[in-house]
>>> print(open('start_1.txt').read())   # compact mmCIF, C-alpha atoms
# COMPACT_ATOMS: atom_id res chain seq x y z
CA MET A 1 83.12 31.84 -108.94
CA THR A 2 83.87 28.17 -108.45
CA THR A 3 81.70 25.27 -109.48
CA ALA A 4 81.15 22.54 -106.89
CA LYS A 5 79.13 19.36 -106.54
CA LEU A 6 76.58 19.12 -103.75
CA ILE A 7 75.23 15.64 -102.97
CA ILE A 8 71.95 15.33 -101.09
CA ASN A 9 70.35 11.91 -100.60
CA GLY A 10 72.50 10.51 -103.40
CA LYS A 11 71.47 13.19 -105.90
CA GLU A 12 74.15 15.48 -107.35
CA PHE A 13 73.64 19.18 -107.85
CA GLU A 14 76.03 21.65 -109.40
CA ILE A 15 76.35 24.84 -107.39
CA GLN A 16 78.34 28.06 -107.68
CA LEU A 17 80.48 29.29 -104.80
CA THR A 18 82.53 32.39 -104.35
CA GLU A 19 86.28 31.83 -103.84
CA GLU A 20 85.80 32.79 -100.20
CA GLN A 21 83.07 30.15 -99.71
CA ALA A 22 85.18 27.50 -101.45
CA GLN A 23 88.18 28.27 -99.22
CA GLU A 24 86.02 28.15 -96.11
CA LEU A 25 84.68 24.71 -97.08
CA THR A 26 88.09 23.27 -97.90
CA ALA A 27 90.05 24.81 -95.02
CA GLN A 28 90.95 22.19 -92.46
CA LYS A 29 90.55 23.22 -88.87
CA LYS A 30 93.51 22.29 -86.69
CA VAL A 31 92.48 19.53 -84.28
CA THR A 32 94.63 19.48 -81.15
CA GLY A 33 92.83 17.13 -78.74
CA PHE A 34 92.02 20.03 -76.40
CA GLU A 35 88.78 21.13 -78.10
CA ARG A 36 85.55 21.41 -76.16
CA VAL A 37 83.26 18.55 -77.22
CA LYS A 38 79.58 18.93 -78.04
CA ALA A 39 76.91 18.41 -75.40
CA ASP A 40 76.67 14.79 -74.20
CA GLU A 41 79.88 13.76 -75.97
CA THR A 42 82.75 12.11 -74.12
CA TYR A 43 85.83 13.97 -72.94
CA PHE A 44 88.76 12.91 -70.74
CA HIS A 45 90.30 14.40 -67.59
CA THR A 46 92.14 13.48 -64.43
CA ASP A 47 90.24 12.76 -61.27
CA GLY A 48 91.34 13.99 -57.84
CA ASP A 49 94.06 11.31 -57.67
CA GLY A 50 95.51 12.11 -61.09
CA GLU A 51 93.94 9.04 -62.69
CA PHE A 52 92.65 9.03 -66.26
CA SER A 53 88.86 9.38 -66.36
CA GLU A 54 86.18 10.00 -68.93
CA ASP A 55 82.97 11.92 -68.59
CA TYR A 56 80.16 13.40 -70.67
CA ASP A 57 80.06 17.13 -71.16
CA GLU A 58 76.70 18.18 -69.79
CA GLY A 59 77.54 21.87 -69.75
CA ALA A 60 77.76 21.67 -65.96
CA SER A 61 80.02 23.90 -63.90
CA VAL A 62 82.42 20.97 -63.34
CA ASP A 63 82.81 20.58 -67.11
CA ASP A 64 83.43 24.32 -67.44
CA ARG A 65 86.03 24.28 -64.64
CA ARG A 66 87.89 21.33 -66.14
CA TYR A 67 87.97 23.05 -69.51
CA GLN A 68 89.10 26.38 -68.03
CA ASN A 69 91.83 24.65 -66.00
CA ALA A 70 93.12 22.62 -68.99
CA ASN A 71 92.02 19.34 -67.42
CA TYR A 72 89.79 18.55 -70.38
CA TYR A 73 90.80 16.56 -73.46
CA SER A 74 88.74 15.62 -76.49
CA ASP A 75 91.28 12.97 -77.55
CA ALA A 76 92.14 9.96 -75.36
CA THR A 77 95.71 9.67 -76.67
CA ILE A 78 96.45 13.33 -75.91
CA ALA A 79 94.82 12.92 -72.50
CA GLU A 80 96.95 9.88 -71.65
CA TRP A 81 100.16 11.65 -72.67
CA CYS A 82 99.34 14.86 -70.81
CA ILE A 83 98.25 13.04 -67.66
CA ARG A 84 101.40 10.88 -67.63
CA ASN A 85 103.57 13.95 -68.27
CA ASP A 86 101.88 15.97 -65.50
CA THR A 87 102.22 13.06 -63.06
CA LEU A 88 105.90 12.62 -63.90
CA ASN A 89 106.51 16.33 -63.47
CA ARG A 90 104.93 16.32 -60.00
CA LYS A 91 106.89 13.21 -58.97
CA MET A 92 110.17 14.68 -60.23
CA ARG A 93 109.54 18.00 -58.44
CA ARG A 94 108.99 16.14 -55.18
CA TRP A 95 111.99 13.88 -55.84
CA ALA A 96 114.23 16.93 -56.54
CA ALA A 97 113.04 18.65 -53.36
CA GLU A 98 113.85 15.51 -51.35
CA HIS A 99 117.24 14.77 -52.98
CA ASN A 100 118.80 18.13 -53.88
CA THR A 101 121.53 18.67 -51.31
CA ASP A 102 121.75 22.41 -51.82
CA THR A 103 119.55 25.28 -52.95
CA ILE A 104 119.94 26.45 -56.54
CA ASP A 105 121.63 29.80 -56.99
CA TRP A 106 120.15 31.12 -60.24
CA GLU A 107 122.58 34.00 -60.40
CA ASP A 108 125.69 31.76 -60.29
CA ARG A 109 126.38 31.01 -63.94
CA PHE A 110 129.10 28.53 -62.92
CA SER A 111 126.87 26.37 -60.71
CA ASP A 112 126.25 22.69 -61.42
CA THR A 113 122.51 23.26 -61.91
CA CYS A 114 121.10 20.96 -64.56
CA PHE A 115 117.91 19.34 -65.82
CA ILE A 116 116.96 16.14 -67.57
CA SER A 117 116.25 16.25 -71.28
CA TYR A 118 115.71 13.84 -74.15
CA ASN A 119 118.06 13.90 -77.12
CA TYR A 120 115.96 13.01 -80.17
CA GLU A 121 118.99 12.68 -82.43
CA GLN A 122 120.66 10.10 -80.19
CA LYS A 123 117.37 8.68 -78.85
CA GLU A 124 118.45 8.86 -75.22
CA VAL A 125 117.76 10.59 -71.92
CA ASP A 126 120.42 13.18 -71.24
CA ILE A 127 121.45 15.80 -68.69
CA THR A 128 121.65 19.43 -69.75
CA HIS A 129 123.65 21.97 -67.77
CA CYS A 130 122.04 25.37 -67.41
CA CYS A 131 123.41 28.63 -66.24
CA ALA A 132 121.36 31.56 -64.96
CA THR A 133 118.33 30.56 -67.04
CA ALA A 134 115.19 28.85 -65.79
CA ARG A 135 112.67 27.34 -68.20
CA ALA A 136 108.96 27.11 -67.41
CA GLY A 137 107.82 23.74 -66.10
CA VAL A 138 111.33 22.22 -65.84
CA VAL A 139 112.58 20.37 -62.75
CA TYR A 140 116.13 21.31 -61.77
CA PHE A 141 118.85 19.48 -59.88
CA CYS A 142 121.67 21.13 -57.95
CA MET A 143 124.27 18.74 -59.38
CA ARG A 144 124.74 16.21 -62.16
CA GLU A 145 124.99 13.19 -59.82
CA ILE A 146 121.52 13.86 -58.44
CA ALA A 147 120.11 14.19 -61.97
CA GLU A 148 121.74 10.84 -62.85
CA GLU A 149 119.94 9.25 -59.89
CA ALA A 150 116.67 10.79 -61.06
CA ILE A 151 117.21 9.22 -64.49
CA LYS A 152 117.55 5.82 -62.82
CA GLU A 153 114.23 6.46 -61.09
CA PHE A 154 112.28 8.04 -63.96
CA GLY A 155 114.20 7.28 -67.16
CA ASP A 156 111.73 4.76 -68.61
CA GLU A 157 108.83 7.17 -68.22
CA ILE A 158 110.87 10.05 -69.65
CA GLU A 159 111.68 7.91 -72.70
CA TRP A 160 108.05 6.85 -73.16
CA LEU A 161 106.88 10.47 -73.01
CA ALA A 162 109.57 11.63 -75.44
CA GLU A 163 108.87 8.85 -77.93
CA ASN A 164 105.11 9.39 -77.77
CA ARG A 165 105.08 13.20 -77.68
CA PRO A 166 102.05 14.63 -79.51
CA LYS A 167 102.83 16.61 -82.64
CA TRP A 168 101.58 19.93 -81.29
CA PHE A 169 104.06 20.30 -78.42
>>> encode(input="start_1.txt", output="C-alpha cells")
Amino acid sequence: MTTAKLIINGKEFEIQLTEEQAQELTAQKKVTGFERVKADETYFHTDGDGEFSEDYDEGASVDDRRYQNANYYSDATIAEWCIRNDTLNRKMRRWAAEHNTDTIDWEDRFSDTCFISYNYEQKEVDITHCCATARAGVVYFCMREIAEEAIKEFGDEIEWLAENRPKWF
C-alpha cells in the first residue's frame, strides 16, 4: 500500500492506494497530437484545398471520417507540420512525374535512381542514391541532376520540415 494526499476544495486527506492504483495515477499517457478531442473541443484538419482549418468535434460523420482518414489533429503545431509535409509530398510527386526523363527500373541495382533526404549531422538537404529498394511515401528521381533541380525548387520547405519535425516521427 502507498500513502497519498488527496486535496478537495483546499482540504487535504490522506488516502491509501495499492501499488497498481499509484502507478495508474502517475503513469503519463503519451500525447501525440493525433488524439480524438472531447465533444465540442477544437481540432485541426485540411480542407478540400489542403489548407489548414479548425473545427469543433460534434461527433458528426465528417468528424469521424477525418479522424479515420488521419486528417484530424488535436495539436495545431503537429497539424501545421503534417499539412505542410503532405502538401510538399504531393507537389514533389507531381514535379517528379513532370521532370523525370525516364521510368525508374526498380530491378536495376546500378540505376541512377535517387531521392532527396535531409542530413541532420551536416544540417543540409542531400541526395541519396538507392538501388532496388523503394521506401513508403518517398518521391524518386531517375537521375541525380533532376533531384538537384527539385532541391532548387523545394529545398527551403524540405529544410523547414526537417528542422521542425515532431518528436514522434
>>> atom_distance(input="start_1.txt", atom1="atom CA of Val62 of chain A", atom2="atom CA of Asp47 of chain A")
11.5 Å
>>> closest_residue(input="start_1.txt", among="A:Glu107, A:Glu157, A:Glu20, A:Glu51", to="Glu80 of chain A", atoms="only C-alpha atoms")
A:Glu51
>>> residues_around(input="start_1.txt", residues="Phe154 of chain A", least_positions_apart="5", cutoff="12 Å", atoms="all atoms listed in the file", output="PDB file with C-alpha atoms, in the frame of the given file")
ATOM      1  CA  ARG A  84     101.400  10.880 -67.630  1.00  0.00           C
ATOM      2  CA  ASN A  85     103.570  13.950 -68.270  1.00  0.00           C
ATOM      3  CA  THR A  87     102.220  13.060 -63.060  1.00  0.00           C
ATOM      4  CA  LEU A  88     105.900  12.620 -63.900  1.00  0.00           C
ATOM      5  CA  ASN A  89     106.510  16.330 -63.470  1.00  0.00           C
ATOM      6  CA  ARG A  90     104.930  16.320 -60.000  1.00  0.00           C
ATOM      7  CA  LYS A  91     106.890  13.210 -58.970  1.00  0.00           C
ATOM      8  CA  MET A  92     110.170  14.680 -60.230  1.00  0.00           C
ATOM      9  CA  ARG A  93     109.540  18.000 -58.440  1.00  0.00           C
ATOM     10  CA  TRP A  95     111.990  13.880 -55.840  1.00  0.00           C
ATOM     11  CA  ALA A  96     114.230  16.930 -56.540  1.00  0.00           C
ATOM     12  CA  ILE A 116     116.960  16.140 -67.570  1.00  0.00           C
ATOM     13  CA  SER A 117     116.250  16.250 -71.280  1.00  0.00           C
ATOM     14  CA  VAL A 125     117.760  10.590 -71.920  1.00  0.00           C
ATOM     15  CA  ALA A 147     120.110  14.190 -61.970  1.00  0.00           C
ATOM     16  CA  GLU A 148     121.740  10.840 -62.850  1.00  0.00           C
ATOM     17  CA  GLU A 149     119.940   9.250 -59.890  1.00  0.00           C
ATOM     18  CA  GLU A 159     111.680   7.910 -72.700  1.00  0.00           C
ATOM     19  CA  TRP A 160     108.050   6.850 -73.160  1.00  0.00           C
ATOM     20  CA  LEU A 161     106.880  10.470 -73.010  1.00  0.00           C
TER      21      LEU A 161
END
>>> residues_around(input="start_1.txt", residues="Phe44 of chain A", least_positions_apart="5", cutoff="10 Å", atoms="all atoms listed in the file", output="PyMOL selection string")
chain A and resi 33-34+52-57+66+71-80+83
>>> atom_distance(input="start_1.txt", atom1="atom CA of Ala4 of chain A", atom2="atom CA of Leu17 of chain A")
7.1 Å
>>> build_atoms(input="start_1.txt", residues="segment 49-70 of chain A", atoms="N, CA, C and O atoms", output="JSON list (two decimals), in the coordinates of the input")
[["chain", "number", "residue", "atom", "x", "y", "z"],
["A", 49, "ASP", "N", 92.82, 12.05, -57.93],
["A", 49, "ASP", "CA", 94.06, 11.31, -57.67],
["A", 49, "ASP", "C", 95.00, 11.30, -58.88],
["A", 49, "ASP", "O", 95.98, 10.59, -58.89],
["A", 50, "GLY", "N", 94.66, 12.06, -59.90],
["A", 50, "GLY", "CA", 95.51, 12.11, -61.09],
["A", 50, "GLY", "C", 95.29, 10.94, -62.03],
["A", 50, "GLY", "O", 96.09, 10.71, -62.94],
["A", 51, "GLU", "N", 94.23, 10.19, -61.83],
["A", 51, "GLU", "CA", 93.94, 9.04, -62.69],
["A", 51, "GLU", "C", 93.14, 9.49, -63.91],
["A", 51, "GLU", "O", 92.33, 10.40, -63.84],
["A", 52, "PHE", "N", 93.33, 8.80, -64.99],
["A", 52, "PHE", "CA", 92.65, 9.03, -66.26],
["A", 52, "PHE", "C", 91.18, 8.67, -66.11],
["A", 52, "PHE", "O", 90.84, 7.59, -65.67],
["A", 53, "SER", "N", 90.30, 9.61, -66.45],
["A", 53, "SER", "CA", 88.86, 9.38, -66.36],
["A", 53, "SER", "C", 88.17, 9.92, -67.60],
["A", 53, "SER", "O", 88.71, 10.78, -68.29],
["A", 54, "GLU", "N", 86.97, 9.42, -67.85],
["A", 54, "GLU", "CA", 86.18, 10.00, -68.93],
["A", 54, "GLU", "C", 84.82, 10.40, -68.38],
["A", 54, "GLU", "O", 84.36, 9.86, -67.39],
["A", 55, "ASP", "N", 84.24, 11.38, -69.05],
["A", 55, "ASP", "CA", 82.97, 11.92, -68.59],
["A", 55, "ASP", "C", 82.22, 12.45, -69.81],
["A", 55, "ASP", "O", 82.78, 12.54, -70.89],
["A", 56, "TYR", "N", 80.97, 12.79, -69.61],
["A", 56, "TYR", "CA", 80.16, 13.40, -70.67],
["A", 56, "TYR", "C", 80.02, 14.88, -70.36],
["A", 56, "TYR", "O", 79.76, 15.25, -69.22],
["A", 57, "ASP", "N", 80.20, 15.70, -71.36],
["A", 57, "ASP", "CA", 80.06, 17.13, -71.16],
["A", 57, "ASP", "C", 78.57, 17.46, -71.14],
["A", 57, "ASP", "O", 77.88, 17.36, -72.15],
["A", 58, "GLU", "N", 78.10, 17.83, -69.97],
["A", 58, "GLU", "CA", 76.70, 18.18, -69.79],
["A", 58, "GLU", "C", 76.52, 19.69, -69.67],
["A", 58, "GLU", "O", 75.45, 20.16, -69.33],
["A", 59, "GLY", "N", 77.61, 20.42, -69.90],
["A", 59, "GLY", "CA", 77.54, 21.87, -69.75],
["A", 59, "GLY", "C", 77.47, 22.29, -68.29],
["A", 59, "GLY", "O", 77.14, 23.43, -67.99],
["A", 60, "ALA", "N", 77.81, 21.38, -67.40],
["A", 60, "ALA", "CA", 77.76, 21.67, -65.96],
["A", 60, "ALA", "C", 78.99, 22.48, -65.56],
["A", 60, "ALA", "O", 79.98, 22.54, -66.28],
["A", 61, "SER", "N", 78.90, 23.07, -64.37],
["A", 61, "SER", "CA", 80.02, 23.90, -63.90],
["A", 61, "SER", "C", 81.30, 23.09, -63.78],
["A", 61, "SER", "O", 82.40, 23.61, -64.01],
["A", 62, "VAL", "N", 81.22, 21.80, -63.44],
["A", 62, "VAL", "CA", 82.42, 20.97, -63.34],
["A", 62, "VAL", "C", 83.07, 20.80, -64.72],
["A", 62, "VAL", "O", 84.30, 20.82, -64.83],
["A", 63, "ASP", "N", 82.27, 20.67, -65.76],
["A", 63, "ASP", "CA", 82.81, 20.58, -67.11],
["A", 63, "ASP", "C", 83.50, 21.89, -67.49],
["A", 63, "ASP", "O", 84.60, 21.88, -68.07],
["A", 64, "ASP", "N", 82.85, 23.00, -67.15],
["A", 64, "ASP", "CA", 83.43, 24.32, -67.44],
["A", 64, "ASP", "C", 84.76, 24.51, -66.70],
["A", 64, "ASP", "O", 85.73, 25.00, -67.28],
["A", 65, "ARG", "N", 84.80, 24.13, -65.42],
["A", 65, "ARG", "CA", 86.03, 24.28, -64.64],
["A", 65, "ARG", "C", 87.16, 23.43, -65.20],
["A", 65, "ARG", "O", 88.29, 23.89, -65.31],
["A", 66, "ARG", "N", 86.85, 22.19, -65.56],
["A", 66, "ARG", "CA", 87.89, 21.33, -66.14],
["A", 66, "ARG", "C", 88.43, 21.93, -67.43],
["A", 66, "ARG", "O", 89.63, 21.94, -67.67],
["A", 67, "TYR", "N", 87.53, 22.45, -68.26],
["A", 67, "TYR", "CA", 87.97, 23.05, -69.51],
["A", 67, "TYR", "C", 88.82, 24.29, -69.24],
["A", 67, "TYR", "O", 89.89, 24.46, -69.81],
["A", 68, "GLN", "N", 88.36, 25.15, -68.34],
["A", 68, "GLN", "CA", 89.10, 26.38, -68.03],
["A", 68, "GLN", "C", 90.46, 26.09, -67.41],
["A", 68, "GLN", "O", 91.41, 26.85, -67.61],
["A", 69, "ASN", "N", 90.57, 25.00, -66.67],
["A", 69, "ASN", "CA", 91.83, 24.65, -66.00],
["A", 69, "ASN", "C", 92.69, 23.69, -66.82],
["A", 69, "ASN", "O", 93.66, 23.12, -66.30],
["A", 70, "ALA", "N", 92.34, 23.49, -68.09],
["A", 70, "ALA", "CA", 93.12, 22.62, -68.99],
["A", 70, "ALA", "C", 93.20, 21.18, -68.49],
["A", 70, "ALA", "O", 94.19, 20.49, -68.70]]
